[in-house]
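Structure file target_29.txt with compact mmCIF, C-alpha atoms:
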```
# COMPACT_ATOMS: atom_id res chain seq x y z
CA MET A 1439 7.40 1.04 -12.78
CA SER A 1440 4.94 -0.87 -14.95
CA ASP A 1441 3.83 -4.31 -13.87
CA PRO A 1442 5.86 -6.91 -15.86
CA PHE A 1443 2.93 -9.31 -15.45
CA SER A 1444 0.35 -6.88 -16.82
CA GLN A 1445 -0.17 -9.23 -19.78
CA GLN A 1446 -2.92 -11.69 -19.02
CA TYR A 1447 -1.53 -15.04 -17.92
CA ILE A 1448 -3.39 -17.85 -16.21
CA ALA A 1449 -2.73 -18.72 -12.57
CA ALA A 1450 -1.08 -22.00 -11.59
CA ASP A 1451 -4.41 -23.31 -10.27
CA ASP A 1452 -5.95 -22.76 -13.71
CA VAL A 1453 -3.41 -24.88 -15.59
CA GLN A 1454 -5.13 -27.62 -17.59
CA ALA A 1455 -3.78 -31.06 -16.72
CA ALA A 1456 -4.91 -34.64 -16.32
CA SER A 1457 -7.43 -35.02 -13.52
CA LEU A 1458 -5.18 -37.40 -11.59
CA LEU A 1459 -2.31 -34.89 -11.66
CA LYS A 1460 -4.50 -32.04 -10.43
CA TYR A 1461 -5.97 -34.22 -7.69
CA VAL A 1462 -2.60 -35.40 -6.38
CA ARG A 1463 -1.17 -31.86 -6.64
CA ALA A 1464 -3.99 -30.65 -4.40
CA LEU A 1465 -3.29 -33.44 -1.92
CA TYR A 1466 0.40 -32.51 -1.76
CA LEU A 1467 -0.18 -28.76 -1.40
CA ASN A 1468 -2.57 -29.53 1.46
CA LYS A 1469 0.05 -31.79 3.07
CA ARG A 1470 -1.87 -35.01 2.55
CA LEU A 1471 0.84 -36.94 0.63
CA PRO A 1472 4.56 -37.26 1.33
CA GLU A 1473 6.98 -35.63 -1.08
CA TRP A 1474 8.71 -38.84 -2.16
CA LEU A 1475 5.45 -40.30 -3.46
CA TYR A 1476 4.73 -37.11 -5.33
CA LYS A 1477 8.14 -37.16 -7.01
CA ILE A 1478 7.51 -40.69 -8.26
CA LEU A 1479 4.27 -39.60 -9.87
CA LEU A 1480 5.97 -36.59 -11.42
CA LYS A 1481 8.60 -38.80 -13.05
CA LEU A 1482 5.97 -41.20 -14.38
CA ALA A 1483 3.66 -38.50 -15.72
CA PRO A 1484 3.95 -38.15 -19.52
CA SER A 1485 3.97 -34.69 -21.04
CA THR A 1486 0.65 -35.55 -22.72
CA TRP A 1487 -1.00 -35.21 -19.30
CA PHE A 1488 -0.74 -31.48 -20.00
CA PRO A 1489 -3.02 -31.01 -23.06
CA HIS A 1490 -0.99 -28.14 -24.52
CA SER A 1491 1.75 -25.65 -23.71
CA GLN A 1492 0.47 -23.15 -21.15
CA ASP A 1493 2.20 -20.04 -19.84
CA TYR A 1494 1.17 -19.45 -16.25
CA ILE A 1495 2.07 -17.26 -13.28
CA LEU A 1496 3.31 -19.02 -10.17
CA ASP A 1497 2.43 -17.07 -7.02
CA ALA A 1498 4.30 -17.96 -3.85
CA GLU A 1499 5.03 -16.42 -0.48
CA ILE A 1500 8.62 -16.54 0.76
CA ASP A 1501 9.35 -15.09 4.22
CA ASN A 1502 6.19 -12.98 4.03
CA ARG A 1503 7.17 -11.67 0.60
CA ARG A 1504 4.99 -12.33 -2.44
CA ILE A 1505 6.91 -13.50 -5.49
CA ARG A 1506 5.66 -14.22 -8.99
CA LEU A 1507 7.30 -16.17 -11.77
CA LEU A 1508 6.28 -16.76 -15.37
CA HIS A 1509 6.53 -20.47 -16.21
CA SER A 1510 5.39 -22.80 -18.98
CA THR A 1511 4.02 -26.32 -18.70
CA SER A 1512 6.06 -27.25 -21.78
CA ASP A 1513 9.25 -26.93 -19.71
CA THR A 1514 10.62 -29.35 -17.10
CA ILE A 1515 11.17 -26.57 -14.56
CA GLY A 1516 7.70 -25.17 -15.18
CA ARG A 1517 6.02 -28.52 -14.62
CA GLU A 1518 7.93 -29.20 -11.39
CA ALA A 1519 7.22 -25.69 -10.11
CA TRP A 1520 3.51 -26.26 -10.77
CA PHE A 1521 3.61 -29.55 -8.87
CA PHE A 1522 5.63 -28.47 -5.83
CA GLY A 1523 4.83 -24.77 -5.57
CA TYR A 1524 8.41 -23.77 -6.45
CA TYR A 1525 11.39 -25.26 -8.28
CA ASP A 1526 14.43 -26.47 -6.28
CA ARG A 1527 12.97 -25.21 -3.01
CA LEU A 1528 15.11 -27.54 -0.87
CA VAL A 1529 18.36 -25.94 -1.99
CA LEU A 1530 16.96 -22.42 -2.11
CA GLU A 1531 15.61 -22.52 1.44
CA PHE A 1532 19.03 -23.61 2.69
CA LEU A 1533 20.69 -20.82 0.70
CA ARG A 1534 18.31 -18.23 2.17
CA THR A 1535 19.27 -19.23 5.69
CA LEU A 1536 22.98 -19.31 4.84
CA ILE A 1537 22.86 -15.85 3.19
CA GLN A 1538 20.99 -14.40 6.15
CA ARG A 1539 23.82 -15.63 8.37
CA LEU A 1540 26.45 -14.10 6.11
CA ASN A 1541 24.56 -10.81 5.90
CA SER A 1542 24.65 -10.54 9.69
CA THR A 1543 28.45 -10.28 9.59
CA LYS A 1544 29.04 -8.61 6.22
CA ILE A 1545 30.91 -5.38 5.63
CA GLY A 1546 29.74 -3.44 2.58
CA GLN A 1547 27.12 -4.51 0.07
CA SER A 1548 25.92 -8.08 -0.46
CA VAL A 1549 26.04 -9.16 -4.09
CA PHE A 1550 24.83 -12.27 -5.95
CA TYR A 1551 26.18 -13.42 -9.33
CA ASP A 1552 23.58 -15.67 -10.99
CA ILE A 1553 25.63 -17.21 -13.80
CA GLY A 1554 23.33 -19.19 -16.06
CA ALA A 1555 20.29 -17.42 -14.64
CA ASN A 1556 17.86 -19.15 -17.05
CA ILE A 1557 14.38 -17.74 -16.33
CA GLY A 1558 15.39 -16.26 -12.97
CA ASN A 1559 14.19 -18.91 -10.52
CA HIS A 1560 17.11 -18.46 -8.09
CA THR A 1561 17.30 -14.70 -8.53
CA VAL A 1562 13.63 -14.12 -7.72
CA PHE A 1563 13.77 -16.43 -4.68
CA LEU A 1564 16.90 -14.79 -3.22
CA ALA A 1565 16.94 -11.21 -4.53
CA ASP A 1566 15.52 -9.54 -1.42
CA LEU A 1567 18.58 -10.69 0.56
CA PHE A 1568 21.01 -8.81 -1.68
CA ASP A 1569 21.81 -5.19 -2.40
CA CYS A 1570 22.67 -6.12 -5.98
CA VAL A 1571 22.15 -9.12 -8.28
CA TYR A 1572 23.92 -9.63 -11.61
CA CYS A 1573 22.22 -12.14 -13.93
CA PHE A 1574 24.25 -13.62 -16.80
CA GLU A 1575 22.12 -15.41 -19.39
CA PRO A 1576 22.98 -15.73 -23.10
CA ASN A 1577 20.06 -17.90 -24.20
CA PRO A 1578 17.57 -15.69 -26.09
CA LYS A 1579 14.72 -18.11 -25.32
CA ALA A 1580 15.29 -17.83 -21.56
CA LEU A 1581 16.27 -14.17 -21.66
CA GLU A 1582 12.83 -12.85 -22.54
CA ILE A 1583 11.22 -14.78 -19.68
CA LEU A 1584 14.01 -13.67 -17.32
CA LYS A 1585 13.33 -10.01 -18.14
CA THR A 1586 9.68 -10.48 -17.21
CA ASN A 1587 10.42 -12.35 -14.00
CA VAL A 1588 12.92 -9.80 -12.63
CA GLY A 1589 11.24 -6.72 -14.12
CA SER A 1590 10.03 -5.45 -10.74
CA LEU A 1591 13.35 -6.04 -8.94
CA ASP A 1592 15.33 -2.82 -8.97
CA GLN A 1593 18.51 -4.43 -7.61
CA VAL A 1594 18.80 -6.86 -10.55
CA GLN A 1595 20.96 -6.15 -13.60
CA ILE A 1596 20.91 -8.50 -16.61
CA PHE A 1597 23.91 -9.24 -18.83
CA PRO A 1598 22.75 -11.04 -22.02
CA ILE A 1599 26.06 -12.87 -22.38
CA GLY A 1600 27.80 -16.01 -21.24
CA LEU A 1601 30.86 -16.16 -19.03
CA SER A 1602 33.90 -18.23 -19.94
CA ASN A 1603 37.70 -18.22 -19.68
CA GLU A 1604 38.05 -15.99 -22.77
CA ASP A 1605 36.26 -13.37 -24.82
CA ALA A 1606 34.82 -15.28 -27.77
CA GLU A 1607 31.86 -16.08 -29.98
CA LEU A 1608 30.84 -19.61 -29.02
CA GLY A 1609 28.48 -22.20 -30.46
CA PHE A 1610 25.38 -22.60 -28.33
CA ALA A 1611 22.54 -25.14 -28.19
CA THR A 1612 19.45 -23.28 -27.01
CA GLY A 1613 17.76 -26.16 -25.18
CA SER A 1614 15.12 -28.69 -26.08
CA ALA A 1615 11.42 -27.98 -26.45
CA THR A 1616 10.76 -29.58 -23.06
CA ASN A 1617 13.87 -28.46 -21.14
CA LEU A 1618 15.02 -24.88 -21.58
CA GLY A 1619 17.52 -25.43 -18.78
CA ASN A 1620 19.68 -27.82 -20.81
CA ALA A 1621 20.94 -25.06 -23.13
CA HIS A 1622 24.71 -25.21 -23.24
CA ILE A 1623 27.94 -24.22 -24.94
CA VAL A 1624 28.57 -26.52 -27.91
CA THR A 1625 32.00 -28.14 -28.14
CA ALA A 1626 33.78 -29.55 -31.17
CA GLU A 1627 32.45 -33.00 -30.24
CA ASP A 1628 28.84 -31.76 -30.45
CA MET A 1629 28.80 -31.07 -34.17
CA ASN A 1630 25.41 -32.74 -34.66
CA GLU A 1631 23.60 -30.46 -32.20
CA PRO A 1632 21.60 -27.51 -33.54
CA ARG A 1633 23.49 -24.38 -32.63
CA ALA A 1634 23.39 -20.62 -32.44
CA LYS A 1635 26.14 -18.13 -31.61
CA ILE A 1636 26.50 -16.31 -28.30
CA SER A 1637 28.95 -13.77 -26.96
CA ALA A 1638 31.05 -14.95 -24.02
CA ARG A 1639 33.30 -12.87 -21.82
CA ASN A 1640 36.16 -13.61 -19.48
CA GLY A 1641 34.56 -12.98 -16.09
CA ASP A 1642 37.47 -11.20 -14.42
CA GLN A 1643 37.92 -8.84 -17.35
CA LEU A 1644 34.21 -8.04 -17.51
CA ILE A 1645 34.05 -7.34 -13.77
CA GLY A 1646 36.96 -4.90 -14.12
CA GLU A 1647 35.60 -3.15 -17.19
CA GLU A 1648 32.06 -2.79 -15.82
CA ASP A 1649 33.25 -2.02 -12.27
CA LEU A 1650 30.96 -4.71 -10.87
CA LEU A 1651 30.67 -5.14 -7.12
CA PRO A 1652 32.42 -8.21 -5.64
CA PRO A 1653 30.23 -11.28 -5.05
CA MET A 1654 29.17 -12.80 -1.76
CA LEU A 1655 27.46 -15.68 -3.60
CA MET A 1656 27.98 -17.15 -7.06
CA LYS A 1657 25.59 -19.67 -8.57
CA ILE A 1658 27.13 -21.29 -11.65
CA ASP A 1659 24.77 -23.51 -13.65
CA VAL A 1660 26.00 -23.58 -17.24
CA GLU A 1661 25.47 -27.20 -18.24
CA GLY A 1662 29.08 -28.42 -18.42
CA HIS A 1663 30.92 -25.11 -18.97
CA GLU A 1664 31.55 -24.57 -15.23
CA PRO A 1665 35.33 -25.22 -15.42
CA GLU A 1666 35.78 -22.51 -18.04
CA VAL A 1667 33.59 -20.06 -16.12
CA ILE A 1668 35.53 -20.59 -12.89
CA ALA A 1669 38.85 -20.30 -14.73
CA GLY A 1670 37.71 -16.92 -16.03
CA LEU A 1671 36.78 -15.84 -12.49
CA GLU A 1672 39.93 -17.08 -10.75
CA THR A 1673 41.11 -13.62 -9.67
CA THR A 1674 37.66 -12.67 -8.34
CA ILE A 1675 37.42 -15.92 -6.38
CA GLU A 1676 40.91 -15.48 -4.92
CA ARG A 1677 40.26 -11.89 -3.85
CA HIS A 1678 36.72 -12.18 -2.49
CA THR A 1679 36.24 -15.89 -1.64
CA PRO A 1680 32.48 -15.99 -2.38
CA VAL A 1681 30.27 -18.92 -1.55
CA ILE A 1682 30.00 -20.88 -4.81
CA VAL A 1683 27.03 -23.05 -5.79
CA MET A 1684 27.68 -25.10 -8.90
CA GLU A 1685 26.58 -28.04 -10.98
CA ILE A 1686 29.07 -30.58 -12.34
CA LEU A 1687 27.66 -32.65 -15.21
CA ALA A 1688 29.19 -35.85 -16.54
CA ARG A 1689 30.35 -33.99 -19.68
CA ALA A 1690 32.50 -31.71 -17.47
CA LEU A 1691 34.26 -34.37 -15.39
CA GLY A 1692 37.38 -34.42 -17.55
CA LYS A 1693 37.89 -30.69 -16.97
CA VAL A 1694 37.33 -30.24 -13.23
CA SER A 1695 40.89 -30.66 -11.90
CA PRO A 1696 41.62 -26.90 -12.05
CA ILE A 1697 38.44 -26.21 -10.05
CA ALA A 1698 39.47 -28.67 -7.36
CA GLU A 1699 42.98 -27.21 -7.22
CA LEU A 1700 41.76 -23.60 -7.02
CA LEU A 1701 39.25 -24.29 -4.26
CA SER A 1702 41.65 -26.51 -2.34
CA ALA A 1703 44.39 -23.88 -2.47
CA ARG A 1704 42.00 -21.35 -0.93
CA GLY A 1705 40.87 -23.75 1.81
CA TYR A 1706 37.30 -24.11 0.56
CA ARG A 1707 35.09 -26.82 2.00
CA VAL A 1708 33.04 -28.38 -0.80
CA PHE A 1709 29.84 -30.33 -0.20
CA LYS A 1710 27.21 -32.09 -2.24
CA MET A 1711 23.68 -30.83 -1.58
CA SER A 1712 21.08 -33.55 -1.88
CA GLY A 1713 17.93 -34.87 -0.28
CA LEU A 1714 17.49 -37.65 2.24
CA GLY A 1715 17.81 -41.27 1.18
CA ARG A 1716 14.68 -43.11 0.07
CA VAL A 1717 14.30 -45.08 3.32
CA GLN A 1718 14.68 -41.93 5.44
CA GLN A 1719 12.11 -40.11 3.32
CA LEU A 1720 9.50 -42.76 4.11
CA MET A 1721 9.32 -41.39 7.67
CA ARG A 1722 8.85 -37.72 6.69
CA PHE A 1723 6.25 -35.67 4.87
CA GLN A 1724 8.85 -33.34 3.29
CA ASN A 1725 12.37 -34.11 2.15
CA GLU A 1726 15.31 -32.46 3.94
CA LEU A 1727 18.60 -31.12 2.65
CA VAL A 1728 21.74 -33.13 3.39
CA LEU A 1729 25.33 -31.94 2.93
CA SER A 1730 27.95 -34.61 2.29
CA PRO A 1731 31.61 -34.47 1.20
CA PHE A 1732 31.86 -33.72 -2.50
CA ASN A 1733 33.78 -35.96 -4.88
CA PHE A 1734 35.07 -34.13 -7.97
CA ASP A 1735 35.20 -37.45 -9.83
CA GLU A 1736 31.42 -37.80 -9.83
CA PRO A 1737 28.65 -35.67 -11.38
CA CYS A 1738 26.55 -33.59 -9.02
CA ASP A 1739 23.40 -31.51 -9.52
CA ASN A 1740 24.18 -29.15 -6.65
CA ALA A 1741 27.50 -28.59 -4.91
CA ILE A 1742 28.40 -25.75 -2.54
CA ALA A 1743 31.89 -24.44 -1.77
CA ILE A 1744 32.43 -22.39 1.39
CA ALA A 1745 35.63 -20.45 2.07
CA PRO A 1746 37.39 -20.35 5.47
CA ALA A 1747 36.37 -16.69 5.91
CA HIS A 1748 32.70 -17.76 6.04
CA TRP A 1749 32.94 -21.13 7.71
CA GLU A 1750 32.70 -20.03 11.33
CA THR A 1751 29.56 -18.02 10.56
CA VAL A 1752 27.71 -20.91 8.94
CA GLN A 1753 29.41 -23.92 10.53
CA ASP A 1754 26.57 -24.90 12.86
CA LEU A 1755 24.03 -24.55 10.05
CA CYS A 1756 26.07 -26.81 7.78
CA GLU A 1757 26.75 -29.35 10.52
CA ARG A 1758 23.02 -29.66 11.20
CA CYS A 1759 22.72 -30.78 7.57
CA GLY A 1760 25.45 -33.39 7.99
CA ALA A 1761 28.53 -31.44 6.84
CA GLY A 1762 31.54 -32.30 8.92
CA ARG A 1763 34.74 -32.47 6.96
CA THR A 1764 36.53 -30.88 4.06
CA ALA A 1765 35.95 -32.54 0.69
```

Please, can you express the file's structure as structure tokens?
Amino acid sequence: MSDPFSQQYIAADDVQAASLLKYVRALYLNKRLPEWLYKILLKLAPSTWFPHSQDYILDAEIDNRRIRLLHSTSDTIGREAWFFGYYDRLVLEFLRTLIQRLNSTKIGQSVFYDIGANIGNHTVFLADLFDCVYCFEPNPKALEILKTNVGSLDQVQIFPIGLSNEDAELGFATGSATNLGNAHIVTAEDMNEPRAKISARNGDQLIGEEDLLPPMLMKIDVEGHEPEVIAGLETTIERHTPVIVMEILARALGKVSPIAELLSARGYRVFKMSGLGRVQQLMRFQNELVLSPFNFDEPCDNAIAIAPAHWETVQDLCERCGAGRTA
């Protein structure tokens, strides 16, 4: 197989940025500054501190495995990955440990559905733990980068479509110039947003037609369309009770009741995944993941739902992160 990174890209260390940013990045990567201080600087840093848009290759080592990801400094995810060495590492490290636990007791193949795969950050980080990964990504801007990032992963299959509760052509905002990850399905209330058209499929129907393997893990990050995606996957969730990682944005809060009812009926425990509080972070170099009961009436960047069939296997892991009761 040809190297998907055969095109010449610069390395993360060669990214041009303001001297202060490069200096503090070096201090963090050498464990000289605590993470909370670094995050403050990242929020304060204007985009002009990067002189121009730069495509770069992020090299990282995860569990003795070399991974590479194509990023851009014009994108929010790309800038954070450059700063911290990887994007959303706190959640992903927890998921790696959780999946390793589940794999130790699994029967059959382990399968990951990355729904709203974007450029493949989660897929690349987790792919070696799965026999098969299905990426669903309708955004043409993200899709080309995704193909490069997963090009060397034989177990990954890409579906250039969105998932929803119906088969339809839907309006789609392809994301801002500085945040590819905010691409989303456009509703009737979003008439002023620039839009394209994407194909969306009912998840259960697609799984049946394509004879897809049942999921162990689903990550659903579709910028407010999560309720429709889960409604379209209701049969799959009922039959196979996968672990579900999802985002609930403020724009989706009026539609989440069916999610809560479905997960509650199946006995899922739902938790918010977040970092330590600011005062607690002052005493640590790196932030730590905390699980707390999830409230479906509030937005959440990362929530995780765990079915009864998996709870005994991962209970001690979750309790070490603060999880103790059903949401």

Kindly extract all protein, DNA and RNA residues lying within 12 Å of the coordinates (19.7, -38.5, -5.2) given in the file, considering all atoms listed in the file, and supply them as JSON, numbers by chain. {"A": [1474, 1477, 1710, 1711, 1712, 1713, 1714, 1715, 1716, 1719, 1725, 1726, 1727, 1728, 1729, 1730, 1737, 1738, 1739, 1740]}

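You will find CA of Pro1576 in chain A at 9.4 Å from CA of Lys1635 in chain A.
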
Please list as an MDAnalysis selection string every residue within 12 Å of Ala1450 in chain A, counting only C-alpha atoms and excluding residues in the same chain fewer than 4 positions away. chainID A and resid 1454:1455 1460 1463:1464 1492:1498 1506:1511 1516:1524

Close residues, Lys1585 in chain A itself excluded, 10 Å, only C-alpha atoms, min 3 positions apart in chain, as a PyMOL selection string: chain A and resi 1442+1557-1558+1580-1582+1588-1590+1594-1596

What's the separation between CA of Asn1603 in chain A and CA of Asn1640 in chain A, in Å to one decimal place?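 Separation of CA of Asn1603 in chain A and CA of Asn1640 in chain A: 4.9 Å.
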
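Across A:Asn1541, A:Gln1643, A:Gln1446, A:Ser1637, the tightest approach to Val1752 in chain A is made by A:Asn1541 when counting all atoms listed in the file.
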
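Reported to one decimal place, the separation of CA of Ser1548 in chain A from CA of Phe1563 in chain A is 15.3 Å.
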
Name all residues at most 12 Å from Val1667 in chain A (count only C-alpha atoms; drop same-chain ones fewer than 5 positions away) and give them as a PyMOL selection string. chain A and resi 1553-1554+1574+1600-1605+1623+1638-1642+1656-1662+1672-1675+1682+1684-1685+1690+1693-1694+1696-1697

So, with all atoms listed in the file as the atoms that count, which of A:Ser1491, A:Tyr1525, A:Gln1445, A:Ala1634 lies closest to Thr1586 in chain A? A:Gln1445

Please list, as a PDB file with C-alpha atoms, in the frame of the given file, the residues that have an atom at most 8 Å away from (19.7, -4.0, -7.0) in the coordinates of this file, counting all atoms listed in the file.
```
ATOM      1  CA  PHE A1568      21.010  -8.810  -1.680  1.00  0.00           C
ATOM      2  CA  ASP A1569      21.810  -5.190  -2.400  1.00  0.00           C
ATOM      3  CA  CYS A1570      22.670  -6.120  -5.980  1.00  0.00           C
ATOM      4  CA  VAL A1571      22.150  -9.120  -8.280  1.00  0.00           C
ATOM      5  CA  LEU A1591      13.350  -6.040  -8.940  1.00  0.00           C
ATOM      6  CA  ASP A1592      15.330  -2.820  -8.970  1.00  0.00           C
ATOM      7  CA  GLN A1593      18.510  -4.430  -7.610  1.00  0.00           C
ATOM      8  CA  VAL A1594      18.800  -6.860 -10.550  1.00  0.00           C
ATOM      9  CA  GLN A1595      20.960  -6.150 -13.600  1.00  0.00           C
TER      10      GLN A1595
END
```

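Using all atoms listed in the file, the smallest distance between any of A:Ile1645, A:Ile1583, A:Ile1500, A:Leu1655 and Leu1536 in chain A comes from A:Leu1655.
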
Selection: 8 Å around Thr1751 in chain A, all atoms listed in the file, excl. self and same-chain fewer than 3 positions, as a ChimeraX atom specification: /A:1539-1540,1543,1748,1754

Please give the centre and size of the box around range 1695-1701 of chain A (axis-aligned, containing every atom listed in the file, 4 Å added per side), with values in Å to one decimal and written as AutoDock Vina command-line options.
```
--center_x 40.7 --center_y -27.1 --center_z -8.2 --size_x 12.5 --size_y 15.1 --size_z 15.8
```
